[in-house]
Amino acid sequence: MTQQSSSLGRDAWLRLRANRMAMLSIYLLLGIFLISLVGPWLSSYSYEQQDLDHIFQSPGKNHLFGTDNLGRDVFARTTYGGRISLAVGLLATLVSLVIGVTYGMLSGYLGGRMDAWMMRAVDVLYSLPFIIFVILLMVLFGRNFLLLFLAIGAVEWLTMARITRAQTLNLKKAEFVEAARALGYSHSRILFRHLLPNLIGPIIIYATLTVPAVMLLEAVLSFLGLGVQAPMSSWGSLIKEGAEKMDAAPWLLFFPGSFFCLTLFALNFLGDGLRDALDPKSSKD
Amino acid sequence: METALDEQILHFGLGSEPQYLDPHLATSVAAHNILSALLEGLVSEDPKTLKPLPGVAKSWEVLDEGRTYIFHLRKNAHWSNGDKVTAHDFVYSFRRILNPNLGAQYASMLYPLKNAKEFHQSLKSLAIEDIGAKALDADTLVLTLENPVPYFLELLNHYSWFPVHQPTIEKFEAYEKMGSAWTKPNNFVGNGPFKLKKHHINSVIEVAKNKHYWDAERVRLRGIRFYPIEAVYTEERAYRSGFLHLTQSVSADRIDFLKEKYPDELHFEPYLGTYFYRFNLDMPPFNDARVRRAFSLSIDRKRLVEKVLKGGQAPASTFTPPGTGGFYPDPGFGHDPETAKSLLNSYLQEKGLEKLPPVELSYNTSEGHKKVAEALHGMWKDILGVEIRLLNMEWKVFLSTISNGDFTLARAGWIGDYVDPHTFLQMWRSGDGLNMTGWANKSYDQALHQAEISISKEERWKSFQTCEDLLAEETPILPLYFYVHLTLRHPTVKGWYPTLLDHHPYKYVYLAKEDHP
Amino acid sequence: MSKLIVSRFLQAIPTIWIIATLTFFMTRYAPGGPFDSERAIPEEIKVKLQSHFGLDQPLFHQYLLYFKNLLRGDLGPSFKYPDWEVSELIATAFPVSLTLGLFSLLIALLIGIPAGMLAALRQNSWLDYLPMSLSMAGICLPTFVLGPLLIYTLSTQLGIFPALGWHGPSDWVLPSLTLGLFYASYIARLTRAGMLETLQLDYVRTARAKGASSLRVLTKHAARGGLLPVVTFLGPAFAGLISGSFVIESIFFIPGLGKFFVTAAFNRDYTMVLGTVLFYATLIILLNLLVDLLQAWLDPKSREVR
């Protein structure tokens, strides 16, 4: 059993390594991680250090990425913001991925009445007023950073669950599932061993689409007072502020925006590569 | 925009959708901007100085050392349906806003009237007739005041003093009901230079010239369209693409850019308001005046204004903006980092502390508030070595947090309702609903009361100065700067002058080419 | 089929009841009330206001009253704008949001689905990389960046379309484009992913091997299963689109529903929050039903069975 799974994993890894775009993406992501990690130390300015005599400086020798409306170093703020955005974006996506996929597979696999009510519960969660929900969370639990994941997780898993459910419904009548059932495999084995690998494609793609949504949602939540507090920065909040000043000080949008974009490109090509590598069908080739 | 010149339609950035168009329920600047087109009070205002000019009243007499006013109403003042505006309409209106069942937020604006406060707050058992407003006949109105109020006539230009049309109110049973259809376009009956033509919520409010207005000959605009554009950047784009003649505001971050591109259209106009922070005196460390003063003295307000705000605001060294009603208080809140440090040190030594624990600064979420908070965060860290934690909150959460006293240091702002120091200094009376700092000072209350009952200007200024001195000495608040009204205004808008309250009587406004006289 | 629809409608009743109940109590427990303002209201006036709007009644009593009125189809007046009924405000704003939503969706589908299909059929060629990179760029540019960019280029610089407002069809272009391009990016990626799944299914591969033309394979075989993820995504996405977008509305100054969703919560406009939530819930339930029906129709196997 372990023998088999490790060889599956190794096969996937070998296939992934053969994918140039995916490997390039991995290196790029590692680079972004690294610069976010060490960037704030590399810069001779801290992310919160103000210099009111040098505000809105365009990129140059002293400030590689320029300065903002309080004379703070945009390089320091962008890389510092990367730590937060990457952590929030990846972790919250992972959380919503795990919840959404499990819930969706169960709902689709169980079917019938159970499926109907599980999906109505999703409808309920879709409809509740998000702003009020977040405000109440903060009233009940204070300004806990972990709440950020809870609040984001609460909305982001819903569509994931619906997509997974649709795929499961579609696949559960497929021959290989019928076969597995005939062999008397347990439900969890059928779900995770047979079904999951076959619906992984759309899930991975949707997950990579969730990452940017989460990073931007973080900026909305900080508006409500949850999560990142000024003078801390995140890509979401930097992009939002940069967008408002883009014709007067384009570098405020350009640099955090580029980091955000590069991360998304890398994640997507990596996602595509992973999809191909994990696809059980492709091994038949 | 060119066609607008011939049409004489002013396109006006309103900033936000007014909650009410009922003058007795309205509470916002946006509502003022609409209501001053639709209604007119006893007096009107000079477009440059805001000094009272004849309005519905063509003349008035002041008796009893300023305790009684007799207004003689003009015979040709009409409602937009042709009815005559009478003294009874005003009595009816004053009674309506003071009726406690209406729940009017601005009823206190009428408290100078005799028995008004007692009636409104049901302090004494009074009949509605006891309120100091009587109609001798259709054209003569007598107002009796509790105490002389030097700025009484100016006060009458606040919309809470505007009249409403009795038959309309009664038709919609709106005498003591908030929320009614009488303010909708086909129902609204007003007595101002314009009448309500269209109201699409969040989209446009349109007014058109009212031919029944007594001074209609002077009105040159054929109409005004008010657009409630809330996002400042959108409003700026609207202006730049020729959609608006004037904007309600301009984002502080855009000033440099706009100064360069629209040097003649960007206006910095004084505005009667103070931006400040409240200390919570019930919470350490701000229960000690030394710490409060240290926080105040370590701020370089000039630098804050010049480097961070950059909108021509004036640094606030008093709470009352200098020149309010002619009052120039001596500066009390200064900048002295050395004294600040020693004050804080003496506090720390006494408490046996190494350094101050982190202080929380609460503000409601907005780019502008954040920028100020971040700048002060830097100054306090540099000079006092204090760690400040910024807590931004959504507006209603912020309000309930502050009024529950659940803060240590919080952002605030105050816009004067009338041009007199009283509108500012009254809020620091012990236990006043607006105080919220926990500061209670007997001498202050006494000085304020003295100012309220004094008649001579000198005596009033002296008492107000005592109030200012006490504020500076005790520092329950931290005045930062005096507001400026920042706006983009097209050069074709004529007859529009900067005024302290941002009032612009529309009957003097018109559109004309730049070279036109 | 009709059984599914009937049972869904039966399920909708308790679902909406739960949503309304939860929302009712959530809004009431959120700090701050509709009458809080920077100018603290004197206590006695606050009491009057509360009793005028029935807020002085016990909470459960208010809840029952709200439901009684709801059953009669009465959503009550807005707390923030008491001169207006909630239903009146929604009815004025919805047509605006519906128009904007439909046009955005049209743009999103017309661009997203062909781009995704093309990319899937020509996987790992430039016909794959180019549209997918463009779609990534679309996702990188959130609406609050893309909107002002489009205004700057197509309005300020070139003067083709109005920068803002909502008066005639020319005003629809920029906001629909802003929203549509964003959704097109999502749809393109999901289409590609779904198509890649089905293109590898045995029966599709068989059809391809038998020499069926690409187009035929695409439409007859692969598209049905391949569009599944997109269709599922579209249910809630479409509900979101036609119930308005706060960001788009504030950038382009459009009097749509999105603003009410956001400001009602900020204003603690209790009746408006409930009104918009109920409206949205109905949309979600209807559209998710539609999606499930479409799924059943798209599913090749369930068709074979029939």
# chains A, B, ... in the order shown; residues from 1 in each chain; ligands from 1
>>> interface_residues(of="chain C", to="chain B", cutoff="6 Å", atoms="only C-alpha atoms", output="list in words")
Pro31, Gly32, Ile45, Lys48, Leu49, Tyr81, Pro82, Asp83, Ile251 and Pro255 of chain C
>>> write_last_selection(atoms="N, CA and C atoms", output="JSON list (two decimals), in the first residue's frame")
[["chain", "number", "residue", "atom", "x", "y", "z"],
["C", 31, "PRO", "N", -22.55, 45.49, 17.07],
["C", 31, "PRO", "CA", -22.50, 46.72, 17.87],
["C", 31, "PRO", "C", -22.92, 47.94, 17.06],
["C", 32, "GLY", "N", -23.46, 48.93, 17.75],
["C", 32, "GLY", "CA", -23.91, 50.14, 17.07],
["C", 32, "GLY", "C", -25.31, 49.95, 16.54],
["C", 45, "ILE", "N", -34.22, 61.60, 23.12],
["C", 45, "ILE", "CA", -34.58, 61.53, 21.70],
["C", 45, "ILE", "C", -34.33, 60.12, 21.19],
["C", 48, "LYS", "N", -37.22, 58.05, 21.93],
["C", 48, "LYS", "CA", -38.33, 58.30, 21.01],
["C", 48, "LYS", "C", -38.10, 57.58, 19.68],
["C", 49, "LEU", "N", -36.88, 57.70, 19.19],
["C", 49, "LEU", "CA", -36.55, 57.08, 17.92],
["C", 49, "LEU", "C", -36.75, 55.57, 17.99],
["C", 81, "TYR", "N", -32.99, 55.58, 5.29],
["C", 81, "TYR", "CA", -33.77, 56.53, 4.50],
["C", 81, "TYR", "C", -35.26, 56.28, 4.74],
["C", 82, "PRO", "N", -35.78, 56.71, 5.91],
["C", 82, "PRO", "CA", -37.14, 56.32, 6.29],
["C", 82, "PRO", "C", -38.22, 56.82, 5.33],
["C", 83, "ASP", "N", -37.88, 57.75, 4.46],
["C", 83, "ASP", "CA", -38.88, 58.20, 3.50],
["C", 83, "ASP", "C", -39.13, 57.15, 2.41],
["C", 251, "ILE", "N", -17.01, 53.20, -8.53],
["C", 251, "ILE", "CA", -16.07, 53.74, -9.52],
["C", 251, "ILE", "C", -16.82, 54.48, -10.63],
["C", 255, "PRO", "N", -26.25, 53.78, -9.92],
["C", 255, "PRO", "CA", -27.20, 53.60, -8.82],
["C", 255, "PRO", "C", -27.73, 52.17, -8.72]]
>>> closest_atom_pairs(of="chain A", to="chain C", cutoff="8 Å", atoms="only C-alpha atoms", output="tab-separated table")
residue	atom	partner	partner_atom	distance
A:Arg120	CA	C:Thr15	CA	6.5
A:Ala121	CA	C:Thr15	CA	7.7
A:Asp123	CA	C:Ile285	CA	6.6
A:Val124	CA	C:Ile19	CA	5.6
A:Tyr126	CA	C:Ala281	CA	7.7
A:Ser127	CA	C:Ala281	CA	5.1
A:Leu128	CA	C:Thr23	CA	6.3
A:Pro129	CA	C:Val277	CA	6.6
A:Ile131	CA	C:Ala265	CA	6.5
A:Ile132	CA	C:Ala265	CA	6.3
A:Phe133	CA	C:Met26	CA	7.1
A:Ile135	CA	C:Ala30	CA	6.6
A:Leu136	CA	C:Ala30	CA	5.6
A:Val139	CA	C:Ala30	CA	7.7
A:Thr159	CA	C:Phe233	CA	6.5
A:Arg162	CA	C:Thr232	CA	6.6
A:Ile163	CA	C:Pro229	CA	5.6
A:Ala166	CA	C:Leu228	CA	7.0
A:Gln167	CA	C:Leu228	CA	7.3
A:Asn170	CA	C:Asp299	CA	6.4
A:Lys173	CA	C:Lys301	CA	7.8
A:Gly201	CA	C:Ala193	CA	6.0
A:Pro202	CA	C:Ala193	CA	5.3
A:Ile205	CA	C:Leu190	CA	6.7
A:Tyr206	CA	C:Leu190	CA	7.1
A:Leu209	CA	C:Tyr186	CA	7.3
A:Pro212	CA	C:Ile139	CA	7.6
A:Lys240	CA	C:Phe144	CA	7.5
A:Ala243	CA	C:Val145	CA	5.5
A:Gly257	CA	C:Cys140	CA	7.6
A:Phe260	CA	C:Cys140	CA	7.1
A:Cys261	CA	C:Cys140	CA	5.2
A:Leu264	CA	C:Met136	CA	7.3
A:Phe265	CA	C:Met136	CA	6.4
A:Lys281	CA	C:Gln200	CA	6.9
A:Ser282	CA	C:Gln200	CA	7.9
>>> closest_atom_pairs(of="chain B", to="chain A", cutoff="7 Å", atoms="only C-alpha atoms", output="JSON lines")
{"residue": "B:Phe257", "atom": "CA", "partner": "A:Ala248", "partner_atom": "CA", "distance": 6.2}
{"residue": "B:Lys307", "atom": "CA", "partner": "A:Leu52", "partner_atom": "CA", "distance": 5.9}
{"residue": "B:Val308", "atom": "CA", "partner": "A:Leu70", "partner_atom": "CA", "distance": 6.8}
{"residue": "B:Thr365", "atom": "CA", "partner": "A:Phe223", "partner_atom": "CA", "distance": 6.1}
{"residue": "B:Glu374", "atom": "CA", "partner": "A:Pro231", "partner_atom": "CA", "distance": 6.3}
{"residue": "B:Gly378", "atom": "CA", "partner": "A:Gln50", "partner_atom": "CA", "distance": 6.7}
{"residue": "B:Leu390", "atom": "CA", "partner": "A:Ala230", "partner_atom": "CA", "distance": 6.2}
{"residue": "B:Leu391", "atom": "CA", "partner": "A:Gln229", "partner_atom": "CA", "distance": 6.7}
{"residue": "B:Asn392", "atom": "CA", "partner": "A:Gly225", "partner_atom": "CA", "distance": 5.1}
{"residue": "B:Met393", "atom": "CA", "partner": "A:Gly225", "partner_atom": "CA", "distance": 4.9}
{"residue": "B:Glu394", "atom": "CA", "partner": "A:Leu224", "partner_atom": "CA", "distance": 5.2}
>>> write_last_selection(atoms="C-alpha atoms", output="mmCIF file, in the first residue's frame")
data_model
loop_
_atom_site.group_PDB
_atom_site.id
_atom_site.type_symbol
_atom_site.label_atom_id
_atom_site.label_comp_id
_atom_site.auth_asym_id
_atom_site.auth_seq_id
_atom_site.Cartn_x
_atom_site.Cartn_y
_atom_site.Cartn_z
ATOM 1 C CA PHE B 257 -1.227 66.445 -8.648
ATOM 2 C CA LYS B 307 4.227 67.485 5.133
ATOM 3 C CA VAL B 308 1.411 65.050 5.643
ATOM 4 C CA THR B 365 -11.394 53.414 8.770
ATOM 5 C CA GLU B 374 0.438 56.790 11.133
ATOM 6 C CA GLY B 378 5.959 58.000 14.081
ATOM 7 C CA LEU B 390 -3.442 51.632 15.658
ATOM 8 C CA LEU B 391 -6.925 50.148 15.754
ATOM 9 C CA ASN B 392 -9.107 50.951 12.794
ATOM 10 C CA MET B 393 -12.801 50.222 13.072
ATOM 11 C CA GLU B 394 -15.857 50.312 10.954
#
>>> atom_distance(atom1="CA of Lys210 (chain C)", atom2="CA of Arg224 (chain C)")
19.4 Å
>>> residues_around(residues="region 503-506 of chain B", least_positions_apart="4", cutoff="8 Å", atoms="only C-alpha atoms", output="list in words")
Asn33, Ser36, Ala37, Glu45, Asp46, Pro47, Leu50, Pro193, Val219, Leu221, Trp496, Tyr497 and Thr499 of chain B
>>> write_last_selection(atoms="C-alpha atoms", output="PDB file, in the first residue's frame")
ATOM      1  CA  ASN B  33     -27.028  71.949   0.360  1.00  0.00           C
ATOM      2  CA  SER B  36     -31.061  75.889   1.268  1.00  0.00           C
ATOM      3  CA  ALA B  37     -32.302  75.679  -2.312  1.00  0.00           C
ATOM      4  CA  GLU B  45     -27.445  85.370   4.273  1.00  0.00           C
ATOM      5  CA  ASP B  46     -24.950  87.540   2.536  1.00  0.00           C
ATOM      6  CA  PRO B  47     -23.101  85.372  -0.018  1.00  0.00           C
ATOM      7  CA  LEU B  50     -22.986  85.176   5.778  1.00  0.00           C
ATOM      8  CA  PRO B 193     -35.601  79.901  -4.713  1.00  0.00           C
ATOM      9  CA  VAL B 219     -32.282  83.893  -9.271  1.00  0.00           C
ATOM     10  CA  LEU B 221     -29.732  79.556 -12.327  1.00  0.00           C
ATOM     11  CA  TRP B 496     -19.731  81.767  -5.289  1.00  0.00           C
ATOM     12  CA  TYR B 497     -17.534  82.838  -2.385  1.00  0.00           C
ATOM     13  CA  THR B 499     -17.504  81.110   3.560  1.00  0.00           C
TER      14      THR B 499
END
>>> residues_around(residues="region 170-180 of chain C", least_positions_apart="5", cutoff="7 Å", atoms="only C-alpha atoms", output="list of chain:residue names")
C:Leu100, C:Phe103, C:Ser104, C:Leu105, C:Ile107, C:Ala108, C:Thr143, C:Leu146, C:Gly147, C:Leu150, C:Phe161, C:Pro162, C:Leu164, C:Gly165, C:Ile248, C:Phe252
>>> atom_distance(atom1="CA of Val74 (chain A)", atom2="CA of Thr93 (chain A)")
26.7 Å
>>> select_by_dssp(residues="region 68-208 of chain A", states="alpha helix (DSSP H)", output="PyMOL selection string")
chain A and resi 74-110+112-127+130-141+145-171+175-182+187-189+196-208
